[in-house]
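Data from data_23.txt: compact mmCIF, C-alpha atoms and all ligand atoms
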```txt
# COMPACT_ATOMS: atom_id res chain seq x y z
CA MET A 1 0.00 0.00 0.00
CA THR A 2 1.47 3.36 -0.98
CA GLN A 3 -0.12 6.60 0.14
CA THR A 4 0.96 10.04 -0.92
CA THR A 5 -0.56 12.46 1.53
CA HIS A 6 1.00 15.22 3.53
CA GLU A 7 -1.25 14.21 6.43
CA LEU A 8 1.22 11.43 7.18
CA LEU A 9 3.26 14.00 9.13
CA PRO A 10 1.35 17.04 10.43
CA GLU A 11 3.34 20.29 10.62
CA THR A 12 2.90 20.27 14.37
CA ALA A 13 4.33 16.74 14.77
CA ARG A 14 6.75 16.19 17.65
CA ILE A 15 9.63 14.03 16.42
CA PHE A 16 12.20 12.02 18.37
CA VAL A 17 15.48 11.77 16.46
CA ALA A 18 17.51 8.84 17.80
CA GLY A 19 21.25 9.36 17.16
CA HIS A 20 20.99 13.16 16.90
CA ARG A 21 24.73 13.70 17.40
CA GLY A 22 25.69 11.48 14.45
CA LEU A 23 26.30 12.45 10.83
CA VAL A 24 22.76 11.55 9.74
CA GLY A 25 20.90 12.33 12.96
CA SER A 26 22.37 15.84 13.26
CA ALA A 27 21.42 16.67 9.66
CA VAL A 28 17.90 15.28 10.13
CA THR A 29 17.54 17.26 13.37
CA ARG A 30 18.58 20.50 11.60
CA ARG A 31 16.17 19.84 8.72
CA LEU A 32 13.13 18.94 10.83
CA ALA A 33 13.73 21.86 13.21
CA ALA A 34 14.04 24.22 10.21
CA ASP A 35 10.71 22.82 8.95
CA GLY A 36 9.15 23.94 12.23
CA HIS A 37 8.88 20.59 14.00
CA GLU A 38 9.45 20.12 17.70
CA VAL A 39 12.47 17.81 17.73
CA VAL A 40 13.20 15.78 20.85
CA THR A 41 16.66 14.31 21.47
CA ARG A 42 18.56 12.52 24.23
CA ASP A 43 22.31 12.11 24.58
CA ARG A 44 23.60 8.56 24.84
CA ASP A 45 24.82 9.07 28.43
CA GLU A 46 21.24 9.96 29.41
CA LEU A 47 19.60 7.17 27.39
CA ASP A 48 21.40 4.12 26.06
CA LEU A 49 19.10 2.96 23.28
CA ARG A 50 20.19 -0.67 23.73
CA ASP A 51 18.22 -0.59 26.99
CA ALA A 52 14.71 -1.53 25.86
CA ALA A 53 12.93 -0.85 29.17
CA ARG A 54 14.42 2.64 29.59
CA THR A 55 13.87 3.47 25.93
CA GLU A 56 10.20 2.48 26.10
CA SER A 57 9.70 4.41 29.32
CA PHE A 58 11.32 7.53 27.77
CA LEU A 59 9.14 7.23 24.65
CA ARG A 60 5.98 6.78 26.73
CA ASP A 61 6.87 9.98 28.64
CA VAL A 62 7.64 12.03 25.52
CA ARG A 63 4.89 10.53 23.30
CA PRO A 64 6.41 11.58 19.98
CA ASP A 65 4.20 11.60 16.88
CA ALA A 66 7.11 10.33 14.83
CA VAL A 67 10.54 8.78 15.33
CA VAL A 68 13.62 8.86 13.10
CA LEU A 69 15.96 5.98 13.93
CA ALA A 70 19.42 7.25 12.98
CA ALA A 71 21.24 5.72 15.97
CA ALA A 72 23.45 2.79 15.09
CA LYS A 73 26.88 1.30 15.58
CA VAL A 74 28.54 2.38 12.34
CA GLY A 75 32.09 2.03 11.04
CA GLY A 76 34.44 1.09 8.21
CA ILE A 77 35.92 -2.29 7.25
CA MET A 78 38.48 -2.26 10.08
CA ALA A 79 35.92 -1.61 12.83
CA ASN A 80 33.45 -4.10 11.32
CA SER A 81 36.05 -6.87 11.24
CA THR A 82 37.37 -6.11 14.74
CA TYR A 83 34.00 -5.83 16.50
CA PRO A 84 31.51 -8.10 14.65
CA VAL A 85 29.69 -8.90 17.91
CA GLN A 86 28.98 -5.22 18.68
CA PHE A 87 28.02 -4.48 15.07
CA LEU A 88 25.46 -7.28 15.19
CA GLU A 89 24.20 -7.03 18.76
CA ASP A 90 24.21 -3.26 19.37
CA ASN A 91 22.30 -2.65 16.16
CA LEU A 92 19.76 -5.40 16.84
CA ARG A 93 19.26 -4.09 20.38
CA ILE A 94 18.87 -0.44 19.33
CA GLN A 95 16.35 -1.40 16.65
CA LEU A 96 14.34 -3.65 18.99
CA SER A 97 14.24 -0.95 21.69
CA VAL A 98 13.37 1.98 19.47
CA ILE A 99 10.92 0.37 17.03
CA ALA A 100 9.04 -1.65 19.67
CA GLY A 101 9.20 1.29 22.12
CA ALA A 102 7.86 3.73 19.52
CA HIS A 103 4.94 1.44 18.79
CA ALA A 104 4.18 0.89 22.49
CA ALA A 105 4.24 4.68 23.00
CA GLY A 106 1.81 5.25 20.12
CA ALA A 107 4.17 6.93 17.62
CA GLY A 108 2.26 6.97 14.34
CA ARG A 109 5.28 7.35 12.04
CA LEU A 110 8.78 5.92 12.14
CA LEU A 111 11.61 6.20 9.64
CA PHE A 112 14.36 3.59 9.92
CA LEU A 113 17.74 4.22 8.28
CA GLY A 114 19.07 1.23 6.38
CA SER A 115 22.10 1.47 4.11
CA SER A 116 23.15 0.68 0.54
CA CYS A 117 25.90 -1.58 1.95
CA ILE A 118 23.31 -4.18 2.99
CA TYR A 119 22.37 -5.05 -0.60
CA PRO A 120 23.92 -8.23 -2.02
CA LYS A 121 27.58 -7.86 -2.96
CA LEU A 122 26.89 -8.58 -6.64
CA ALA A 123 23.50 -6.85 -6.99
CA PRO A 124 22.74 -5.67 -10.56
CA GLN A 125 23.57 -1.96 -11.07
CA PRO A 126 22.02 0.50 -10.53
CA ILE A 127 20.70 -1.27 -7.42
CA ARG A 128 16.93 -1.37 -7.10
CA GLU A 129 15.12 -1.78 -3.80
CA ASP A 130 13.93 -5.28 -4.77
CA ALA A 131 17.55 -6.51 -4.87
CA LEU A 132 17.47 -6.82 -1.07
CA LEU A 133 17.89 -10.44 0.11
CA THR A 134 18.52 -11.78 -3.40
CA GLY A 135 22.16 -12.85 -2.93
CA PRO A 136 25.20 -13.22 -0.66
CA LEU A 137 26.33 -10.17 1.32
CA GLU A 138 29.75 -8.52 1.43
CA PRO A 139 31.49 -10.79 3.99
CA THR A 140 33.39 -7.96 5.75
CA ASN A 141 30.23 -6.31 7.08
CA GLU A 142 27.86 -9.25 7.21
CA PRO A 143 27.00 -8.93 10.95
CA TYR A 144 26.14 -5.23 10.45
CA ALA A 145 24.18 -5.94 7.27
CA LEU A 146 22.19 -8.76 8.85
CA ALA A 147 21.27 -6.55 11.81
CA LYS A 148 20.11 -3.81 9.43
CA ILE A 149 18.16 -6.30 7.29
CA ALA A 150 16.48 -7.48 10.51
CA GLY A 151 15.51 -3.83 11.12
CA ILE A 152 13.92 -3.56 7.69
CA THR A 153 12.08 -6.84 8.31
CA GLN A 154 10.95 -5.52 11.70
CA ILE A 155 9.52 -2.41 10.01
CA ARG A 156 7.65 -4.57 7.50
CA ALA A 157 6.37 -6.81 10.30
CA TYR A 158 4.95 -3.82 12.24
CA ARG A 159 3.27 -2.66 9.03
CA ARG A 160 1.78 -6.08 8.33
CA GLN A 161 0.71 -7.06 11.84
CA TYR A 162 -0.26 -3.67 13.32
CA GLY A 163 -0.86 -1.52 10.23
CA ALA A 164 1.87 0.87 11.50
CA SER A 165 2.99 3.62 9.08
CA TYR A 166 6.65 2.71 9.60
CA ILE A 167 9.08 2.98 6.68
CA SER A 168 12.75 2.47 5.77
CA ALA A 169 15.22 4.49 3.71
CA MET A 170 18.40 3.12 2.09
CA PRO A 171 20.98 5.89 1.78
CA THR A 172 24.11 5.62 -0.34
CA ASN A 173 27.56 6.68 0.97
CA LEU A 174 27.10 9.94 2.84
CA TYR A 175 29.38 12.79 3.77
CA GLY A 176 28.86 16.14 5.45
CA PRO A 177 29.49 18.36 8.46
CA GLY A 178 30.54 16.51 11.59
CA ASP A 179 31.87 13.54 9.60
CA ASN A 180 34.31 11.16 11.28
CA PHE A 181 37.91 12.03 10.32
CA ASP A 182 39.59 9.35 12.45
CA LEU A 183 41.68 7.39 9.92
CA GLU A 184 41.10 4.13 11.85
CA THR A 185 37.32 4.27 11.57
CA SER A 186 36.41 6.84 8.91
CA HIS A 187 34.74 6.32 5.53
CA VAL A 188 36.59 6.96 2.28
CA LEU A 189 35.78 10.65 1.72
CA PRO A 190 36.82 12.13 5.08
CA ALA A 191 39.85 9.82 5.00
CA LEU A 192 40.87 11.24 1.61
CA ILE A 193 40.36 14.83 2.79
CA ARG A 194 42.53 14.24 5.83
CA ARG A 195 45.26 12.37 3.94
CA PHE A 196 45.59 15.05 1.22
CA HIS A 197 45.50 17.83 3.80
CA GLU A 198 48.21 16.20 5.92
CA ALA A 199 50.33 15.38 2.86
CA GLY A 200 50.13 19.08 1.93
CA GLU A 201 51.14 20.15 5.43
CA SER A 202 54.12 17.78 5.55
CA GLY A 203 55.22 18.46 1.96
CA ALA A 204 54.93 14.78 0.95
CA PRO A 205 55.44 14.46 -2.84
CA GLU A 206 52.87 11.69 -3.28
CA VAL A 207 49.74 10.20 -1.71
CA THR A 208 49.30 6.46 -2.31
CA LEU A 209 45.78 5.07 -2.26
CA TRP A 210 44.64 1.44 -2.06
CA GLY A 211 43.52 -0.35 -5.23
CA THR A 212 43.46 0.69 -8.86
CA GLY A 213 41.30 3.81 -8.51
CA THR A 214 38.79 2.37 -11.01
CA PRO A 215 35.89 1.27 -8.74
CA ARG A 216 32.89 3.56 -9.08
CA ARG A 217 31.03 4.92 -6.05
CA GLU A 218 28.37 7.56 -5.36
CA PHE A 219 28.40 10.14 -2.58
CA LEU A 220 25.49 12.16 -1.25
CA HIS A 221 25.66 15.19 1.02
CA VAL A 222 23.91 14.39 4.28
CA ASP A 223 21.80 17.58 4.06
CA ASP A 224 20.34 16.20 0.82
CA LEU A 225 19.60 12.94 2.65
CA ALA A 226 17.92 14.89 5.46
CA ALA A 227 15.67 16.63 2.92
CA ALA A 228 14.81 13.19 1.49
CA CYS A 229 13.95 11.93 4.99
CA ALA A 230 11.53 14.84 5.44
CA VAL A 231 9.92 14.03 2.06
CA LEU A 232 9.59 10.36 2.99
CA LEU A 233 8.06 11.13 6.40
CA ARG A 234 5.52 13.42 4.75
CA SER A 235 4.63 11.46 1.67
CA TYR A 236 5.68 7.80 1.66
CA ASP A 237 3.90 4.91 3.29
CA GLY A 238 5.00 1.74 1.51
CA ASP A 239 6.42 -1.67 2.53
CA ASP A 240 9.59 -1.40 0.49
CA PRO A 241 12.61 0.61 1.61
CA VAL A 242 13.39 3.66 -0.53
CA ASN A 243 16.86 4.25 -1.98
CA VAL A 244 18.36 7.71 -1.47
CA GLY A 245 21.36 8.45 -3.68
CA CYS A 246 22.50 11.12 -6.07
CA GLY A 247 21.90 9.06 -9.21
CA GLU A 248 25.45 9.29 -10.53
CA ASP A 249 28.78 7.81 -9.56
CA LEU A 250 32.45 8.54 -10.18
CA THR A 251 35.69 6.56 -9.98
CA ILE A 252 37.82 6.62 -6.85
CA ARG A 253 40.51 8.24 -9.00
CA GLU A 254 38.10 11.07 -9.98
CA LEU A 255 37.06 11.44 -6.36
CA ALA A 256 40.71 11.62 -5.26
CA GLU A 257 41.43 14.25 -7.95
CA THR A 258 38.52 16.36 -6.70
CA VAL A 259 39.72 16.13 -3.10
CA ARG A 260 43.28 16.94 -4.19
CA GLU A 261 42.04 20.10 -5.95
CA VAL A 262 39.82 21.16 -3.04
CA THR A 263 42.61 20.72 -0.49
CA GLY A 264 45.14 22.41 -2.77
CA TYR A 265 47.57 19.50 -2.48
CA PRO A 266 50.25 19.98 -5.16
CA GLY A 267 51.68 16.41 -5.16
CA ARG A 268 50.90 13.27 -7.14
CA ILE A 269 48.29 10.58 -6.57
CA ALA A 270 49.55 6.99 -6.79
CA PHE A 271 47.53 3.78 -6.63
CA ASP A 272 48.74 0.56 -5.02
CA ALA A 273 47.10 -2.01 -7.30
CA THR A 274 48.27 -4.90 -5.09
CA ARG A 275 45.61 -3.79 -2.57
CA PRO A 276 41.97 -4.91 -2.98
CA ASP A 277 39.50 -2.78 -4.94
CA GLY A 278 36.22 -4.03 -3.50
CA THR A 279 33.04 -4.09 -5.58
CA PRO A 280 33.60 -2.56 -9.06
CA ARG A 281 30.49 -0.41 -8.93
CA LYS A 282 27.88 0.63 -6.36
CA LEU A 283 25.15 2.92 -7.59
CA LEU A 284 21.57 3.13 -6.35
CA ASP A 285 18.52 3.30 -8.58
CA ILE A 286 16.70 6.40 -7.31
CA SER A 287 13.53 6.21 -9.43
CA ARG A 288 11.29 5.75 -6.41
CA ILE A 289 12.48 8.77 -4.36
CA SER A 290 12.67 10.86 -7.56
CA ALA A 291 9.00 10.10 -8.24
CA LEU A 292 8.21 11.67 -4.84
CA GLY A 293 9.69 14.95 -6.09
CA TRP A 294 13.05 14.87 -4.28
CA LYS A 295 16.36 15.49 -5.94
CA PRO A 296 19.86 16.16 -4.59
CA ARG A 297 20.90 19.81 -4.59
CA ILE A 298 24.51 19.96 -3.38
CA PRO A 299 27.16 19.32 -6.09
CA LEU A 300 29.91 16.98 -4.86
CA ARG A 301 32.74 19.48 -5.28
CA ASP A 302 30.87 22.20 -3.34
CA GLY A 303 29.96 19.72 -0.61
CA ILE A 304 33.56 18.52 -0.24
CA ALA A 305 34.83 22.12 -0.12
CA ALA A 306 32.34 22.97 2.65
CA VAL A 307 33.23 19.87 4.67
CA TYR A 308 36.95 20.60 4.28
CA ALA A 309 36.47 24.20 5.43
CA GLY A 310 34.37 23.04 8.39
CA TRP A 311 36.90 20.41 9.43
CA ARG A 312 39.80 22.89 9.22
CA ALA A 313 37.86 25.44 11.25
CA GLY A 314 37.06 22.74 13.85
CA ALA A 315 40.66 21.49 13.94
CA ALA A 316 41.91 25.07 14.41
CA ALA A 317 39.44 25.80 17.23
N1 LIG A 401 27.39 7.50 7.11
C1 LIG A 401 27.02 6.90 5.99
O1 LIG A 401 27.71 6.99 4.94
C2 LIG A 401 25.74 6.13 5.93
C3 LIG A 401 25.36 5.60 4.70
C4 LIG A 401 24.19 4.87 4.62
C5 LIG A 401 23.41 4.67 5.76
N2 LIG A 401 23.81 5.20 6.94
C6 LIG A 401 22.95 4.89 8.11
O2 LIG A 401 22.60 6.04 8.84
C7 LIG A 401 22.51 5.74 10.22
C8 LIG A 401 23.35 6.71 11.01
O3 LIG A 401 24.70 6.66 10.56
P1 LIG A 401 25.74 7.82 10.85
O4 LIG A 401 26.74 7.80 9.76
O5 LIG A 401 25.02 9.08 11.20
O6 LIG A 401 26.46 7.23 12.17
P2 LIG A 401 27.20 8.04 13.33
O7 LIG A 401 27.68 9.34 12.85
O8 LIG A 401 28.16 7.06 13.93
O9 LIG A 401 26.02 8.30 14.36
C9 LIG A 401 25.41 7.27 15.07
C10 LIG A 401 24.67 7.86 16.25
O10 LIG A 401 24.10 6.76 16.98
C11 LIG A 401 24.32 7.01 18.36
N3 LIG A 401 24.35 5.75 19.09
C12 LIG A 401 25.07 4.64 18.79
N4 LIG A 401 24.85 3.71 19.74
C13 LIG A 401 23.98 4.24 20.63
C14 LIG A 401 23.37 3.76 21.81
N5 LIG A 401 23.62 2.53 22.27
N6 LIG A 401 22.51 4.58 22.47
C15 LIG A 401 22.26 5.83 22.02
N7 LIG A 401 22.80 6.33 20.90
C16 LIG A 401 23.66 5.54 20.22
C17 LIG A 401 25.66 7.70 18.41
O11 LIG A 401 25.77 8.37 19.63
P3 LIG A 401 27.13 9.11 20.11
O12 LIG A 401 27.12 10.42 19.36
O13 LIG A 401 26.98 9.28 21.55
O14 LIG A 401 28.25 8.20 19.69
C18 LIG A 401 25.56 8.62 17.22
O15 LIG A 401 24.91 9.83 17.56
C19 LIG A 401 22.96 4.29 10.38
O16 LIG A 401 21.84 3.48 10.48
C20 LIG A 401 23.69 4.00 9.09
O17 LIG A 401 23.56 2.65 8.70
C21 LIG A 401 24.95 5.92 7.07
```

So, in terms of structure tokens, how does the structure I just supplied come out?
Amino acid sequence: MTQTTHELLPETARIFVAGHRGLVGSAVTRRLAADGHEVVTRDRDELDLRDAARTESFLRDVRPDAVVLAAAKVGGIMANSTYPVQFLEDNLRIQLSVIAGAHAAGAGRLLFLGSSCIYPKLAPQPIREDALLTGPLEPTNEPYALAKIAGITQIRAYRRQYGASYISAMPTNLYGPGDNFDLETSHVLPALIRRFHEAGESGAPEVTLWGTGTPRREFLHVDDLAAACAVLLRSYDGDDPVNVGCGEDLTIRELAETVREVTGYPGRIAFDATRPDGTPRKLLDISRISALGWKPRIPLRDGIAAVYAGWRAGAAA
């Protein structure tokens, strides 16, 4: 069942954003607050969302009209391979607490954040929403992916059994203000920004990157994702998750060139082809979210320049 009515999220709706200090949660909080919503948040030291009883009690007190579930244990390949137990169990626990707690507290709407990395490793490109659960997963993040797939199944189950207007979004690789620049745990874009910046500072003649530079990836500014989340909360009520991407990809070499230009690094870029490349291409099919009238607005180069400026300002502070 797919409805398209703005009554799905009244302008006066009070919304709990879980994970409001994260990359996604902070952008969603800014967007919903700018749209005039009352946004409720809790820091992790006040409310650990793995604690189902405390989460339900909090939600019953606050009685939000809607919930955005952007809290998760998130990380790169290194963190996923070092802590598979936490990536599986923390995410399952957070999802169980927040989705069941939201329903018990009478929240009419809930948006769960999935991720493009939970599609099968060899899904046909561009990846459509119906590719989910059609093939083996990328082994390095399987515990994380299985937890997230359980979350999407949980959303569908609440829809089927209770008629709840709960939905899921599947964002592509994101970047934006407040991104994680720790080289041990960061995603590719902040890692590139930091490496080119530091190579420039130290006068290194060359930056060597893993792989051949030929894999293709897409990157979406998190403020564009936040706008898509607002559109979905207002106008989407279907069983299937909805992809949110920018509709075009670029090679890692092109991405590295862009970051090199933005950071003003004068040296060379080298590729270590003895290192693994990963999947050759990962691009989402965005027909469904496009049909709802959303499109990305922030060009990649502008977004990277803004993130770089923000990170430098933060590092200098
Ligand atoms: N980043 C991407 O490229 C990307 C792409 C696709 C999908 N997504 C999805 O978007 C969602 C959010 O990702 P993100 O990149 O915004 O991650 P993030 O920056 O690491 O933020 C995660 C947030 O969750 C909170 N959190 C984690 N465990 C918690 C707990 N036990 N109790 C309370 N809060 C807890 C963290 O709190 P603290 O601030 O206290 O640590 C943080 O605010 C995830 O579901 C992810 O799969 C992200």

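Restricting the calculation to all atoms listed in the file, the smallest distance between Phe271 (chain A) and any of A:Asp237, A:Glu129, A:Asp302, A:Glu206 is found for A:Glu206.
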
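With distances restricted to all atoms listed in the file, A:Arg297 is the closest residue to His221 (chain A) from A:Arg128, A:Arg109, A:Arg60, A:Arg297.
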
Under the rule of at most 10 Å, produce a per-residue listing of region 88-163 of chain A near region 278-293 of chain A: chain, number, name, the closest pair of atoms, and the distance in Å, as JSON lines, using only C-alpha atoms.
```
{"residue": "A:Ser116", "atom": "CA", "partner": "A:Leu284", "partner_atom": "CA", "distance": 7.5}
{"residue": "A:Cys117", "atom": "CA", "partner": "A:Lys282", "partner_atom": "CA", "distance": 8.8}
{"residue": "A:Tyr119", "atom": "CA", "partner": "A:Lys282", "partner_atom": "CA", "distance": 9.8}
{"residue": "A:Lys121", "atom": "CA", "partner": "A:Thr279", "partner_atom": "CA", "distance": 7.1}
{"residue": "A:Leu122", "atom": "CA", "partner": "A:Thr279", "partner_atom": "CA", "distance": 7.7}
{"residue": "A:Ala123", "atom": "CA", "partner": "A:Lys282", "partner_atom": "CA", "distance": 8.7}
{"residue": "A:Pro124", "atom": "CA", "partner": "A:Lys282", "partner_atom": "CA", "distance": 9.2}
{"residue": "A:Gln125", "atom": "CA", "partner": "A:Leu283", "partner_atom": "CA", "distance": 6.2}
{"residue": "A:Pro126", "atom": "CA", "partner": "A:Asp285", "partner_atom": "CA", "distance": 4.9}
{"residue": "A:Ile127", "atom": "CA", "partner": "A:Leu284", "partner_atom": "CA", "distance": 4.6}
{"residue": "A:Arg128", "atom": "CA", "partner": "A:Asp285", "partner_atom": "CA", "distance": 5.2}
{"residue": "A:Glu129", "atom": "CA", "partner": "A:Asp285", "partner_atom": "CA", "distance": 7.8}
{"residue": "A:Glu138", "atom": "CA", "partner": "A:Thr279", "partner_atom": "CA", "distance": 8.9}
```

Which residues are near ligand LIG 401 (chain A) in this structure, taking near to mean any atom at most 6 Å from a ligand atom and counting all atoms listed in the file? Format them as JSON, numbers by chain. {"A": [19, 20, 21, 22, 23, 24, 25, 44, 48, 49, 50, 70, 71, 72, 73, 74, 113, 114, 115, 116, 171, 172, 173, 174]}

Closest to Trp311 (chain A) among A:Val231, A:Gly178, A:Ile269, A:Val188, using only C-alpha atoms? A:Gly178

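The coordinates place CA of Leu96 (chain A) at 12.2 Å from CA of Ala157 (chain A).
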
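Shortest separation to Val67 (chain A) among A:Leu47, A:Ala145, A:Leu189, A:Leu233 occurs at residue A:Leu233, atoms counted being only C-alpha atoms.
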
Work out how far CA of Arg234 (chain A) is from CA of Leu9 (chain A), in Å to one decimal. 5.0 Å

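Among A:Val307, A:Ala100, A:Cys229, A:Val28, the residue with the shortest atom-to-atom distance to Asn180 (chain A), counting only C-alpha atoms, is A:Val307.
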
At a cut-off of 8 Å, using all atoms listed in the file, what residues contact Thr263 (chain A)? Leave out same-chain residues fewer than 6 positions from it and give the result as a VMD selection string. chain A and resid 193 196 to 197 305 308

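Take CA of Ala199 (chain A) and CA of Leu250 (chain A): the distance between them is 23.2 Å.
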